[in-house]
$ cat final-v1.cif   # mmCIF, N, CA and C atoms
data_model
#
loop_
_atom_site.label_atom_id
_atom_site.label_comp_id
_atom_site.auth_asym_id
_atom_site.auth_seq_id
_atom_site.Cartn_x
_atom_site.Cartn_y
_atom_site.Cartn_z
N MET A 474 52.44 -15.26 226.92
CA MET A 474 53.47 -14.33 227.36
C MET A 474 54.30 -13.89 226.16
N LYS A 475 54.48 -12.59 226.02
CA LYS A 475 55.25 -12.05 224.90
C LYS A 475 56.74 -12.26 225.13
N ARG A 476 57.41 -12.52 224.04
CA ARG A 476 58.86 -12.65 224.10
C ARG A 476 59.48 -11.27 224.30
N PHE A 477 60.69 -11.27 224.81
CA PHE A 477 61.39 -10.01 225.06
C PHE A 477 61.51 -9.20 223.78
N ARG A 478 61.88 -9.85 222.68
CA ARG A 478 62.05 -9.14 221.41
C ARG A 478 60.75 -8.45 220.99
N ASP A 479 59.64 -9.14 221.13
CA ASP A 479 58.35 -8.54 220.77
C ASP A 479 58.05 -7.31 221.64
N LYS A 480 58.36 -7.42 222.91
CA LYS A 480 58.15 -6.28 223.81
C LYS A 480 59.03 -5.10 223.40
N MET A 481 60.28 -5.40 223.05
CA MET A 481 61.19 -4.34 222.64
C MET A 481 60.70 -3.66 221.37
N LEU A 482 60.23 -4.43 220.42
CA LEU A 482 59.75 -3.85 219.16
C LEU A 482 58.51 -2.99 219.38
N GLU A 483 57.68 -3.36 220.33
CA GLU A 483 56.53 -2.53 220.66
C GLU A 483 56.97 -1.22 221.29
N ALA A 484 57.94 -1.31 222.17
CA ALA A 484 58.41 -0.12 222.88
C ALA A 484 59.29 0.76 221.99
N ARG A 485 60.03 0.14 221.08
CA ARG A 485 60.97 0.88 220.24
C ARG A 485 60.87 0.41 218.80
N PRO A 486 59.86 0.86 218.06
CA PRO A 486 59.65 0.41 216.68
C PRO A 486 60.81 0.72 215.75
N GLU A 487 61.65 1.69 216.10
CA GLU A 487 62.80 2.00 215.24
C GLU A 487 63.78 0.84 215.16
N ILE A 488 63.74 -0.06 216.13
CA ILE A 488 64.62 -1.23 216.09
C ILE A 488 64.28 -2.11 214.90
N ALA A 489 63.01 -2.27 214.61
CA ALA A 489 62.59 -3.06 213.46
C ALA A 489 63.11 -2.43 212.16
N GLU A 490 63.09 -1.11 212.09
CA GLU A 490 63.61 -0.42 210.91
C GLU A 490 65.10 -0.69 210.76
N ARG A 491 65.83 -0.66 211.85
CA ARG A 491 67.28 -0.94 211.80
C ARG A 491 67.54 -2.37 211.37
N GLU A 492 66.73 -3.31 211.82
CA GLU A 492 66.89 -4.70 211.40
C GLU A 492 66.72 -4.85 209.89
N ILE A 493 65.74 -4.14 209.34
CA ILE A 493 65.50 -4.19 207.90
C ILE A 493 66.70 -3.60 207.16
N GLU A 494 67.20 -2.47 207.64
CA GLU A 494 68.35 -1.84 207.00
C GLU A 494 69.58 -2.75 207.09
N PHE A 495 69.79 -3.37 208.24
CA PHE A 495 70.92 -4.27 208.43
C PHE A 495 70.83 -5.45 207.47
N ARG A 496 69.65 -6.01 207.29
CA ARG A 496 69.45 -7.12 206.37
C ARG A 496 69.77 -6.68 204.95
N ALA A 497 69.34 -5.48 204.59
CA ALA A 497 69.61 -4.95 203.25
C ALA A 497 71.11 -4.78 203.05
N LYS A 498 71.83 -4.34 204.06
CA LYS A 498 73.28 -4.15 203.97
C LYS A 498 73.97 -5.50 203.78
N ILE A 499 73.57 -6.49 204.54
CA ILE A 499 74.16 -7.83 204.40
C ILE A 499 73.90 -8.38 203.01
N ASP A 500 72.68 -8.26 202.53
CA ASP A 500 72.34 -8.78 201.20
C ASP A 500 73.17 -8.10 200.11
N LEU A 501 73.31 -6.78 200.19
CA LEU A 501 74.10 -6.05 199.19
C LEU A 501 75.56 -6.47 199.25
N ALA A 502 76.12 -6.52 200.45
CA ALA A 502 77.53 -6.88 200.61
C ALA A 502 77.80 -8.27 200.05
N MET A 503 76.94 -9.21 200.33
CA MET A 503 77.14 -10.58 199.84
C MET A 503 77.00 -10.64 198.32
N GLN A 504 76.06 -9.87 197.78
CA GLN A 504 75.88 -9.85 196.33
C GLN A 504 77.12 -9.27 195.64
N LEU A 505 77.64 -8.15 196.16
CA LEU A 505 78.82 -7.55 195.55
C LEU A 505 80.02 -8.47 195.65
N ARG A 506 80.20 -9.10 196.79
CA ARG A 506 81.33 -10.02 196.95
C ARG A 506 81.21 -11.19 195.99
N ALA A 507 80.01 -11.73 195.81
CA ALA A 507 79.82 -12.84 194.88
C ALA A 507 80.14 -12.42 193.45
N LEU A 508 79.73 -11.22 193.07
CA LEU A 508 80.05 -10.71 191.73
C LEU A 508 81.55 -10.57 191.54
N ARG A 509 82.22 -10.03 192.56
CA ARG A 509 83.68 -9.85 192.48
C ARG A 509 84.38 -11.20 192.39
N ASP A 510 83.95 -12.14 193.21
CA ASP A 510 84.56 -13.48 193.16
C ASP A 510 84.35 -14.13 191.80
N ALA A 511 83.14 -14.00 191.25
CA ALA A 511 82.84 -14.60 189.95
C ALA A 511 83.70 -13.98 188.84
N ALA A 512 84.04 -12.70 189.00
CA ALA A 512 84.88 -12.02 188.02
C ALA A 512 86.36 -12.25 188.30
N ASN A 513 86.67 -12.95 189.39
CA ASN A 513 88.05 -13.26 189.78
C ASN A 513 88.87 -11.98 189.95
N LEU A 514 88.29 -11.03 190.66
CA LEU A 514 88.95 -9.75 190.91
C LEU A 514 89.21 -9.57 192.40
N THR A 515 90.23 -8.78 192.71
CA THR A 515 90.52 -8.43 194.10
C THR A 515 89.85 -7.10 194.43
N GLN A 516 89.79 -6.79 195.70
CA GLN A 516 89.27 -5.49 196.10
C GLN A 516 90.14 -4.37 195.54
N ASP A 517 91.45 -4.57 195.51
CA ASP A 517 92.35 -3.57 194.93
C ASP A 517 92.02 -3.32 193.46
N GLN A 518 91.75 -4.38 192.73
CA GLN A 518 91.41 -4.23 191.32
C GLN A 518 90.10 -3.47 191.14
N ILE A 519 89.12 -3.76 192.00
CA ILE A 519 87.86 -3.02 191.93
C ILE A 519 88.12 -1.54 192.21
N ALA A 520 88.95 -1.25 193.19
CA ALA A 520 89.26 0.14 193.53
C ALA A 520 89.90 0.86 192.34
N VAL A 521 90.87 0.24 191.71
CA VAL A 521 91.55 0.86 190.57
C VAL A 521 90.58 1.06 189.41
N ARG A 522 89.83 0.02 189.08
CA ARG A 522 88.91 0.10 187.95
C ARG A 522 87.80 1.12 188.17
N SER A 523 87.33 1.23 189.40
CA SER A 523 86.18 2.09 189.70
C SER A 523 86.55 3.52 190.04
N GLY A 524 87.78 3.71 190.49
CA GLY A 524 88.18 5.03 190.98
C GLY A 524 87.79 5.26 192.43
N LEU A 525 87.22 4.23 193.05
CA LEU A 525 86.87 4.30 194.47
C LEU A 525 88.10 4.02 195.30
N SER A 526 88.12 4.51 196.52
CA SER A 526 89.21 4.15 197.43
C SER A 526 89.03 2.70 197.87
N LEU A 527 90.13 2.09 198.26
CA LEU A 527 90.06 0.72 198.78
C LEU A 527 89.14 0.68 200.00
N LYS A 528 89.20 1.71 200.82
CA LYS A 528 88.35 1.78 202.01
C LYS A 528 86.87 1.75 201.62
N THR A 529 86.50 2.44 200.55
CA THR A 529 85.11 2.46 200.09
C THR A 529 84.70 1.10 199.55
N VAL A 530 85.60 0.45 198.80
CA VAL A 530 85.31 -0.90 198.29
C VAL A 530 85.10 -1.86 199.46
N GLU A 531 85.97 -1.78 200.45
CA GLU A 531 85.83 -2.63 201.64
C GLU A 531 84.50 -2.36 202.34
N ALA A 532 84.12 -1.09 202.43
CA ALA A 532 82.86 -0.73 203.09
C ALA A 532 81.66 -1.26 202.31
N CYS A 533 81.75 -1.29 200.99
CA CYS A 533 80.65 -1.84 200.17
C CYS A 533 80.45 -3.32 200.48
N GLU A 534 81.53 -4.03 200.75
CA GLU A 534 81.46 -5.46 201.02
C GLU A 534 81.30 -5.80 202.50
N ALA A 535 81.35 -4.81 203.35
CA ALA A 535 81.24 -5.05 204.80
C ALA A 535 79.82 -5.48 205.15
N LEU A 536 79.72 -6.44 206.05
CA LEU A 536 78.42 -6.96 206.47
C LEU A 536 77.71 -6.06 207.47
N ALA A 537 78.41 -5.09 208.00
CA ALA A 537 77.83 -4.16 208.97
C ALA A 537 78.20 -2.74 208.55
N GLY A 538 77.62 -1.79 209.22
CA GLY A 538 77.92 -0.40 208.92
C GLY A 538 76.85 0.22 208.04
N LYS A 539 77.15 1.43 207.59
CA LYS A 539 76.18 2.18 206.78
C LYS A 539 76.07 1.57 205.39
N MET A 540 74.90 1.76 204.80
CA MET A 540 74.72 1.40 203.40
C MET A 540 75.62 2.31 202.57
N PRO A 541 76.27 1.76 201.56
CA PRO A 541 77.10 2.63 200.71
C PRO A 541 76.22 3.54 199.86
N GLU A 542 76.81 4.60 199.40
CA GLU A 542 76.10 5.52 198.52
C GLU A 542 75.75 4.80 197.22
N PRO A 543 74.56 5.04 196.68
CA PRO A 543 74.18 4.40 195.42
C PRO A 543 75.20 4.63 194.29
N ALA A 544 75.79 5.81 194.25
CA ALA A 544 76.79 6.10 193.21
C ALA A 544 78.02 5.21 193.37
N ASP A 545 78.41 4.94 194.61
CA ASP A 545 79.56 4.06 194.85
C ASP A 545 79.24 2.63 194.41
N VAL A 546 78.04 2.18 194.70
CA VAL A 546 77.63 0.82 194.28
C VAL A 546 77.61 0.74 192.76
N ALA A 547 77.13 1.79 192.11
CA ALA A 547 77.10 1.80 190.65
C ALA A 547 78.52 1.73 190.07
N LEU A 548 79.45 2.48 190.65
CA LEU A 548 80.84 2.42 190.19
C LEU A 548 81.45 1.04 190.43
N TYR A 549 81.15 0.46 191.57
CA TYR A 549 81.62 -0.89 191.90
C TYR A 549 81.12 -1.88 190.86
N ARG A 550 79.82 -1.84 190.58
CA ARG A 550 79.23 -2.76 189.60
C ARG A 550 79.81 -2.55 188.20
N ALA A 551 80.02 -1.30 187.82
CA ALA A 551 80.59 -1.01 186.51
C ALA A 551 82.02 -1.56 186.41
N ALA A 552 82.75 -1.51 187.51
CA ALA A 552 84.11 -2.03 187.52
C ALA A 552 84.14 -3.54 187.28
N ILE A 553 83.13 -4.22 187.76
CA ILE A 553 83.03 -5.67 187.54
C ILE A 553 82.88 -5.96 186.05
N GLN A 554 82.13 -5.10 185.36
CA GLN A 554 81.81 -5.33 183.94
C GLN A 554 82.94 -4.91 182.99
N MET A 555 83.89 -4.13 183.50
CA MET A 555 84.97 -3.63 182.63
C MET A 555 85.80 -4.77 182.07
N ARG A 556 86.19 -4.60 180.84
CA ARG A 556 87.15 -5.52 180.24
C ARG A 556 88.54 -5.09 180.69
N PRO A 557 89.42 -6.05 180.95
CA PRO A 557 90.78 -5.67 181.32
C PRO A 557 91.45 -4.94 180.16
N SER A 558 92.25 -3.95 180.50
CA SER A 558 92.95 -3.22 179.44
C SER A 558 94.05 -4.07 178.84
N ALA A 559 94.23 -3.94 177.57
CA ALA A 559 95.27 -4.71 176.86
C ALA A 559 96.65 -4.19 177.25
N GLY A 560 97.58 -5.12 177.31
CA GLY A 560 98.97 -4.73 177.56
C GLY A 560 99.31 -4.96 178.93
#
$ encode --input "final-v1.cif" --output "structure tokens"
Amino acid sequence: MKRFRDKMLEARPEIAEREIEFRAKIDLAMQLRALRDAANLTQDQIAVRSGLSLKTVEACEALAGKMPEPADVALYRAAIQMRPSAG
């Protein structure tokens, strides 16, 4: 006897695609958060350094929702690598 999930995936294959996308979003969010924590930075600091809005930084780290734009992820990552300004 097939499990309910298997039946659903047969009937609606797009659900499997959404599961893959959701997994990718979780993986990216956790990776970005780990990088930020390792750099001892706040979300506000990432926003200032990157030029992204705080809302966009929060969305990059969110475990659900849409995947962030690749350009936003690139700015986020570049902000992690920035040296703090002197003074």
$ residues_around --input "final-v1.cif" --residues "region 513-526 of chain A" --least-positions-apart "3" --cutoff "5 Å" --atoms "all atoms listed in the file" --output "count of residues only"
6
$ resolve_selection --input "final-v1.cif" --expression "the PyMOL selection byres ((chain A and resi 499-505) around 8)" --output "list in words"
Ile493, Glu494, Phe495, Arg496, Ala497, Lys498, Arg506, Ala507, Leu508, Arg509, Asp510, Ala511, Ala532, Cys533, Glu534, Ala535, Leu536, Ala537, Gly538, Tyr549 and Arg550 of chain A
$ select_by_dssp --input "final-v1.cif" --residues "chain A" --states "alpha helix (DSSP H)" --output "PDB file with N, CA and C atoms, keeping the file's coordinate frame"
ATOM      1  N   PHE A 477      60.690 -11.270 224.810  1.00  0.00           N
ATOM      2  CA  PHE A 477      61.390 -10.010 225.060  1.00  0.00           C
ATOM      3  C   PHE A 477      61.510  -9.200 223.780  1.00  0.00           C
ATOM      4  N   ARG A 478      61.880  -9.850 222.680  1.00  0.00           N
ATOM      5  CA  ARG A 478      62.050  -9.140 221.410  1.00  0.00           C
ATOM      6  C   ARG A 478      60.750  -8.450 220.990  1.00  0.00           C
ATOM      7  N   ASP A 479      59.640  -9.140 221.130  1.00  0.00           N
ATOM      8  CA  ASP A 479      58.350  -8.540 220.770  1.00  0.00           C
ATOM      9  C   ASP A 479      58.050  -7.310 221.640  1.00  0.00           C
ATOM     10  N   LYS A 480      58.360  -7.420 222.910  1.00  0.00           N
ATOM     11  CA  LYS A 480      58.150  -6.280 223.810  1.00  0.00           C
ATOM     12  C   LYS A 480      59.030  -5.100 223.400  1.00  0.00           C
ATOM     13  N   MET A 481      60.280  -5.400 223.050  1.00  0.00           N
ATOM     14  CA  MET A 481      61.190  -4.340 222.640  1.00  0.00           C
ATOM     15  C   MET A 481      60.700  -3.660 221.370  1.00  0.00           C
ATOM     16  N   LEU A 482      60.230  -4.430 220.420  1.00  0.00           N
ATOM     17  CA  LEU A 482      59.750  -3.850 219.160  1.00  0.00           C
ATOM     18  C   LEU A 482      58.510  -2.990 219.380  1.00  0.00           C
ATOM     19  N   GLU A 483      57.680  -3.360 220.330  1.00  0.00           N
ATOM     20  CA  GLU A 483      56.530  -2.530 220.660  1.00  0.00           C
ATOM     21  C   GLU A 483      56.970  -1.220 221.290  1.00  0.00           C
ATOM     22  N   ALA A 484      57.940  -1.310 222.170  1.00  0.00           N
ATOM     23  CA  ALA A 484      58.410  -0.120 222.880  1.00  0.00           C
ATOM     24  C   ALA A 484      59.290   0.760 221.990  1.00  0.00           C
ATOM     25  N   GLU A 487      61.650   1.690 216.100  1.00  0.00           N
ATOM     26  CA  GLU A 487      62.800   2.000 215.240  1.00  0.00           C
ATOM     27  C   GLU A 487      63.780   0.840 215.160  1.00  0.00           C
ATOM     28  N   ILE A 488      63.740  -0.060 216.130  1.00  0.00           N
ATOM     29  CA  ILE A 488      64.620  -1.230 216.090  1.00  0.00           C
ATOM     30  C   ILE A 488      64.280  -2.110 214.900  1.00  0.00           C
ATOM     31  N   ALA A 489      63.010  -2.270 214.610  1.00  0.00           N
ATOM     32  CA  ALA A 489      62.590  -3.060 213.460  1.00  0.00           C
ATOM     33  C   ALA A 489      63.110  -2.430 212.160  1.00  0.00           C
ATOM     34  N   GLU A 490      63.090  -1.110 212.090  1.00  0.00           N
ATOM     35  CA  GLU A 490      63.610  -0.420 210.910  1.00  0.00           C
ATOM     36  C   GLU A 490      65.100  -0.690 210.760  1.00  0.00           C
ATOM     37  N   ARG A 491      65.830  -0.660 211.850  1.00  0.00           N
ATOM     38  CA  ARG A 491      67.280  -0.940 211.800  1.00  0.00           C
ATOM     39  C   ARG A 491      67.540  -2.370 211.370  1.00  0.00           C
ATOM     40  N   GLU A 492      66.730  -3.310 211.820  1.00  0.00           N
ATOM     41  CA  GLU A 492      66.890  -4.700 211.400  1.00  0.00           C
ATOM     42  C   GLU A 492      66.720  -4.850 209.890  1.00  0.00           C
ATOM     43  N   ILE A 493      65.740  -4.140 209.340  1.00  0.00           N
ATOM     44  CA  ILE A 493      65.500  -4.190 207.900  1.00  0.00           C
ATOM     45  C   ILE A 493      66.700  -3.600 207.160  1.00  0.00           C
ATOM     46  N   GLU A 494      67.200  -2.470 207.640  1.00  0.00           N
ATOM     47  CA  GLU A 494      68.350  -1.840 207.000  1.00  0.00           C
ATOM     48  C   GLU A 494      69.580  -2.750 207.090  1.00  0.00           C
ATOM     49  N   PHE A 495      69.790  -3.370 208.240  1.00  0.00           N
ATOM     50  CA  PHE A 495      70.920  -4.270 208.430  1.00  0.00           C
ATOM     51  C   PHE A 495      70.830  -5.450 207.470  1.00  0.00           C
ATOM     52  N   ARG A 496      69.650  -6.010 207.290  1.00  0.00           N
ATOM     53  CA  ARG A 496      69.450  -7.120 206.370  1.00  0.00           C
ATOM     54  C   ARG A 496      69.770  -6.680 204.950  1.00  0.00           C
ATOM     55  N   ALA A 497      69.340  -5.480 204.590  1.00  0.00           N
ATOM     56  CA  ALA A 497      69.610  -4.950 203.250  1.00  0.00           C
ATOM     57  C   ALA A 497      71.110  -4.780 203.050  1.00  0.00           C
ATOM     58  N   LYS A 498      71.830  -4.340 204.060  1.00  0.00           N
ATOM     59  CA  LYS A 498      73.280  -4.150 203.970  1.00  0.00           C
ATOM     60  C   LYS A 498      73.970  -5.500 203.780  1.00  0.00           C
ATOM     61  N   ILE A 499      73.570  -6.490 204.540  1.00  0.00           N
ATOM     62  CA  ILE A 499      74.160  -7.830 204.400  1.00  0.00           C
ATOM     63  C   ILE A 499      73.900  -8.380 203.010  1.00  0.00           C
ATOM     64  N   ASP A 500      72.680  -8.260 202.530  1.00  0.00           N
ATOM     65  CA  ASP A 500      72.340  -8.780 201.200  1.00  0.00           C
ATOM     66  C   ASP A 500      73.170  -8.100 200.110  1.00  0.00           C
ATOM     67  N   LEU A 501      73.310  -6.780 200.190  1.00  0.00           N
ATOM     68  CA  LEU A 501      74.100  -6.050 199.190  1.00  0.00           C
ATOM     69  C   LEU A 501      75.560  -6.470 199.250  1.00  0.00           C
ATOM     70  N   ALA A 502      76.120  -6.520 200.450  1.00  0.00           N
ATOM     71  CA  ALA A 502      77.530  -6.880 200.610  1.00  0.00           C
ATOM     72  C   ALA A 502      77.800  -8.270 200.050  1.00  0.00           C
ATOM     73  N   MET A 503      76.940  -9.210 200.330  1.00  0.00           N
ATOM     74  CA  MET A 503      77.140 -10.580 199.840  1.00  0.00           C
ATOM     75  C   MET A 503      77.000 -10.640 198.320  1.00  0.00           C
ATOM     76  N   GLN A 504      76.060  -9.870 197.780  1.00  0.00           N
ATOM     77  CA  GLN A 504      75.880  -9.850 196.330  1.00  0.00           C
ATOM     78  C   GLN A 504      77.120  -9.270 195.640  1.00  0.00           C
ATOM     79  N   LEU A 505      77.640  -8.150 196.160  1.00  0.00           N
ATOM     80  CA  LEU A 505      78.820  -7.550 195.550  1.00  0.00           C
ATOM     81  C   LEU A 505      80.020  -8.470 195.650  1.00  0.00           C
ATOM     82  N   ARG A 506      80.200  -9.100 196.790  1.00  0.00           N
ATOM     83  CA  ARG A 506      81.330 -10.020 196.950  1.00  0.00           C
ATOM     84  C   ARG A 506      81.210 -11.190 195.990  1.00  0.00           C
ATOM     85  N   ALA A 507      80.010 -11.730 195.810  1.00  0.00           N
ATOM     86  CA  ALA A 507      79.820 -12.840 194.880  1.00  0.00           C
ATOM     87  C   ALA A 507      80.140 -12.420 193.450  1.00  0.00           C
ATOM     88  N   LEU A 508      79.730 -11.220 193.070  1.00  0.00           N
ATOM     89  CA  LEU A 508      80.050 -10.710 191.730  1.00  0.00           C
ATOM     90  C   LEU A 508      81.550 -10.570 191.540  1.00  0.00           C
ATOM     91  N   ARG A 509      82.220 -10.030 192.560  1.00  0.00           N
ATOM     92  CA  ARG A 509      83.680  -9.850 192.480  1.00  0.00           C
ATOM     93  C   ARG A 509      84.380 -11.200 192.390  1.00  0.00           C
ATOM     94  N   ASP A 510      83.950 -12.140 193.210  1.00  0.00           N
ATOM     95  CA  ASP A 510      84.560 -13.480 193.160  1.00  0.00           C
ATOM     96  C   ASP A 510      84.350 -14.130 191.800  1.00  0.00           C
ATOM     97  N   ALA A 511      83.140 -14.000 191.250  1.00  0.00           N
ATOM     98  CA  ALA A 511      82.840 -14.600 189.950  1.00  0.00           C
ATOM     99  C   ALA A 511      83.700 -13.980 188.840  1.00  0.00           C
ATOM    100  N   GLN A 516      89.790  -6.790 195.700  1.00  0.00           N
ATOM    101  CA  GLN A 516      89.270  -5.490 196.100  1.00  0.00           C
ATOM    102  C   GLN A 516      90.140  -4.370 195.540  1.00  0.00           C
ATOM    103  N   ASP A 517      91.450  -4.570 195.510  1.00  0.00           N
ATOM    104  CA  ASP A 517      92.350  -3.570 194.930  1.00  0.00           C
ATOM    105  C   ASP A 517      92.020  -3.320 193.460  1.00  0.00           C
ATOM    106  N   GLN A 518      91.750  -4.380 192.730  1.00  0.00           N
ATOM    107  CA  GLN A 518      91.410  -4.230 191.320  1.00  0.00           C
ATOM    108  C   GLN A 518      90.100  -3.470 191.140  1.00  0.00           C
ATOM    109  N   ILE A 519      89.120  -3.760 192.000  1.00  0.00           N
ATOM    110  CA  ILE A 519      87.860  -3.020 191.930  1.00  0.00           C
ATOM    111  C   ILE A 519      88.120  -1.540 192.210  1.00  0.00           C
ATOM    112  N   ALA A 520      88.950  -1.250 193.190  1.00  0.00           N
ATOM    113  CA  ALA A 520      89.260   0.140 193.530  1.00  0.00           C
ATOM    114  C   ALA A 520      89.900   0.860 192.340  1.00  0.00           C
ATOM    115  N   VAL A 521      90.870   0.240 191.710  1.00  0.00           N
ATOM    116  CA  VAL A 521      91.550   0.860 190.570  1.00  0.00           C
ATOM    117  C   VAL A 521      90.580   1.060 189.410  1.00  0.00           C
ATOM    118  N   ARG A 522      89.830   0.020 189.080  1.00  0.00           N
ATOM    119  CA  ARG A 522      88.910   0.100 187.950  1.00  0.00           C
ATOM    120  C   ARG A 522      87.800   1.120 188.170  1.00  0.00           C
ATOM    121  N   SER A 523      87.330   1.230 189.400  1.00  0.00           N
ATOM    122  CA  SER A 523      86.180   2.090 189.700  1.00  0.00           C
ATOM    123  C   SER A 523      86.550   3.520 190.040  1.00  0.00           C
ATOM    124  N   LEU A 527      90.130   2.090 198.260  1.00  0.00           N
ATOM    125  CA  LEU A 527      90.060   0.720 198.780  1.00  0.00           C
ATOM    126  C   LEU A 527      89.140   0.680 200.000  1.00  0.00           C
ATOM    127  N   LYS A 528      89.200   1.710 200.820  1.00  0.00           N
ATOM    128  CA  LYS A 528      88.350   1.780 202.010  1.00  0.00           C
ATOM    129  C   LYS A 528      86.870   1.750 201.620  1.00  0.00           C
ATOM    130  N   THR A 529      86.500   2.440 200.550  1.00  0.00           N
ATOM    131  CA  THR A 529      85.110   2.460 200.090  1.00  0.00           C
ATOM    132  C   THR A 529      84.700   1.100 199.550  1.00  0.00           C
ATOM    133  N   VAL A 530      85.600   0.450 198.800  1.00  0.00           N
ATOM    134  CA  VAL A 530      85.310  -0.900 198.290  1.00  0.00           C
ATOM    135  C   VAL A 530      85.100  -1.860 199.460  1.00  0.00           C
ATOM    136  N   GLU A 531      85.970  -1.780 200.450  1.00  0.00           N
ATOM    137  CA  GLU A 531      85.830  -2.630 201.640  1.00  0.00           C
ATOM    138  C   GLU A 531      84.500  -2.360 202.340  1.00  0.00           C
ATOM    139  N   ALA A 532      84.120  -1.090 202.430  1.00  0.00           N
ATOM    140  CA  ALA A 532      82.860  -0.730 203.090  1.00  0.00           C
ATOM    141  C   ALA A 532      81.660  -1.260 202.310  1.00  0.00           C
ATOM    142  N   CYS A 533      81.750  -1.290 200.990  1.00  0.00           N
ATOM    143  CA  CYS A 533      80.650  -1.840 200.170  1.00  0.00           C
ATOM    144  C   CYS A 533      80.450  -3.320 200.480  1.00  0.00           C
ATOM    145  N   GLU A 534      81.530  -4.030 200.750  1.00  0.00           N
ATOM    146  CA  GLU A 534      81.460  -5.460 201.020  1.00  0.00           C
ATOM    147  C   GLU A 534      81.300  -5.800 202.500  1.00  0.00           C
ATOM    148  N   PRO A 543      74.560   5.040 196.680  1.00  0.00           N
ATOM    149  CA  PRO A 543      74.180   4.400 195.420  1.00  0.00           C
ATOM    150  C   PRO A 543      75.200   4.630 194.290  1.00  0.00           C
ATOM    151  N   ALA A 544      75.790   5.810 194.250  1.00  0.00           N
ATOM    152  CA  ALA A 544      76.790   6.100 193.210  1.00  0.00           C
ATOM    153  C   ALA A 544      78.020   5.210 193.370  1.00  0.00           C
ATOM    154  N   ASP A 545      78.410   4.940 194.610  1.00  0.00           N
ATOM    155  CA  ASP A 545      79.560   4.060 194.850  1.00  0.00           C
ATOM    156  C   ASP A 545      79.240   2.630 194.410  1.00  0.00           C
ATOM    157  N   VAL A 546      78.040   2.180 194.700  1.00  0.00           N
ATOM    158  CA  VAL A 546      77.630   0.820 194.280  1.00  0.00           C
ATOM    159  C   VAL A 546      77.610   0.740 192.760  1.00  0.00           C
ATOM    160  N   ALA A 547      77.130   1.790 192.110  1.00  0.00           N
ATOM    161  CA  ALA A 547      77.100   1.800 190.650  1.00  0.00           C
ATOM    162  C   ALA A 547      78.520   1.730 190.070  1.00  0.00           C
ATOM    163  N   LEU A 548      79.450   2.480 190.650  1.00  0.00           N
ATOM    164  CA  LEU A 548      80.840   2.420 190.190  1.00  0.00           C
ATOM    165  C   LEU A 548      81.450   1.040 190.430  1.00  0.00           C
ATOM    166  N   TYR A 549      81.150   0.460 191.570  1.00  0.00           N
ATOM    167  CA  TYR A 549      81.620  -0.890 191.900  1.00  0.00           C
ATOM    168  C   TYR A 549      81.120  -1.880 190.860  1.00  0.00           C
ATOM    169  N   ARG A 550      79.820  -1.840 190.580  1.00  0.00           N
ATOM    170  CA  ARG A 550      79.230  -2.760 189.600  1.00  0.00           C
ATOM    171  C   ARG A 550      79.810  -2.550 188.200  1.00  0.00           C
ATOM    172  N   ALA A 551      80.020  -1.300 187.820  1.00  0.00           N
ATOM    173  CA  ALA A 551      80.590  -1.010 186.510  1.00  0.00           C
ATOM    174  C   ALA A 551      82.020  -1.560 186.410  1.00  0.00           C
ATOM    175  N   ALA A 552      82.750  -1.510 187.510  1.00  0.00           N
ATOM    176  CA  ALA A 552      84.110  -2.030 187.520  1.00  0.00           C
ATOM    177  C   ALA A 552      84.140  -3.540 187.280  1.00  0.00           C
ATOM    178  N   ILE A 553      83.130  -4.220 187.760  1.00  0.00           N
ATOM    179  CA  ILE A 553      83.030  -5.670 187.540  1.00  0.00           C
ATOM    180  C   ILE A 553      82.880  -5.960 186.050  1.00  0.00           C
ATOM    181  N   GLN A 554      82.130  -5.100 185.360  1.00  0.00           N
ATOM    182  CA  GLN A 554      81.810  -5.330 183.940  1.00  0.00           C
ATOM    183  C   GLN A 554      82.940  -4.910 182.990  1.00  0.00           C
TER     184      GLN A 554
END
$ atom_distance --input "final-v1.cif" --atom1 "CA of Arg485 (chain A)" --atom2 "atom C of Pro541 (chain A)"
25.6 Å
$ atom_distance --input "final-v1.cif" --atom1 "atom C of Gln554 (chain A)" --atom2 "atom N of Lys539 (chain A)"
26.1 Å
$ atom_distance --input "final-v1.cif" --atom1 "CA of Ile488 (chain A)" --atom2 "CA of Arg476 (chain A)"
15.1 Å
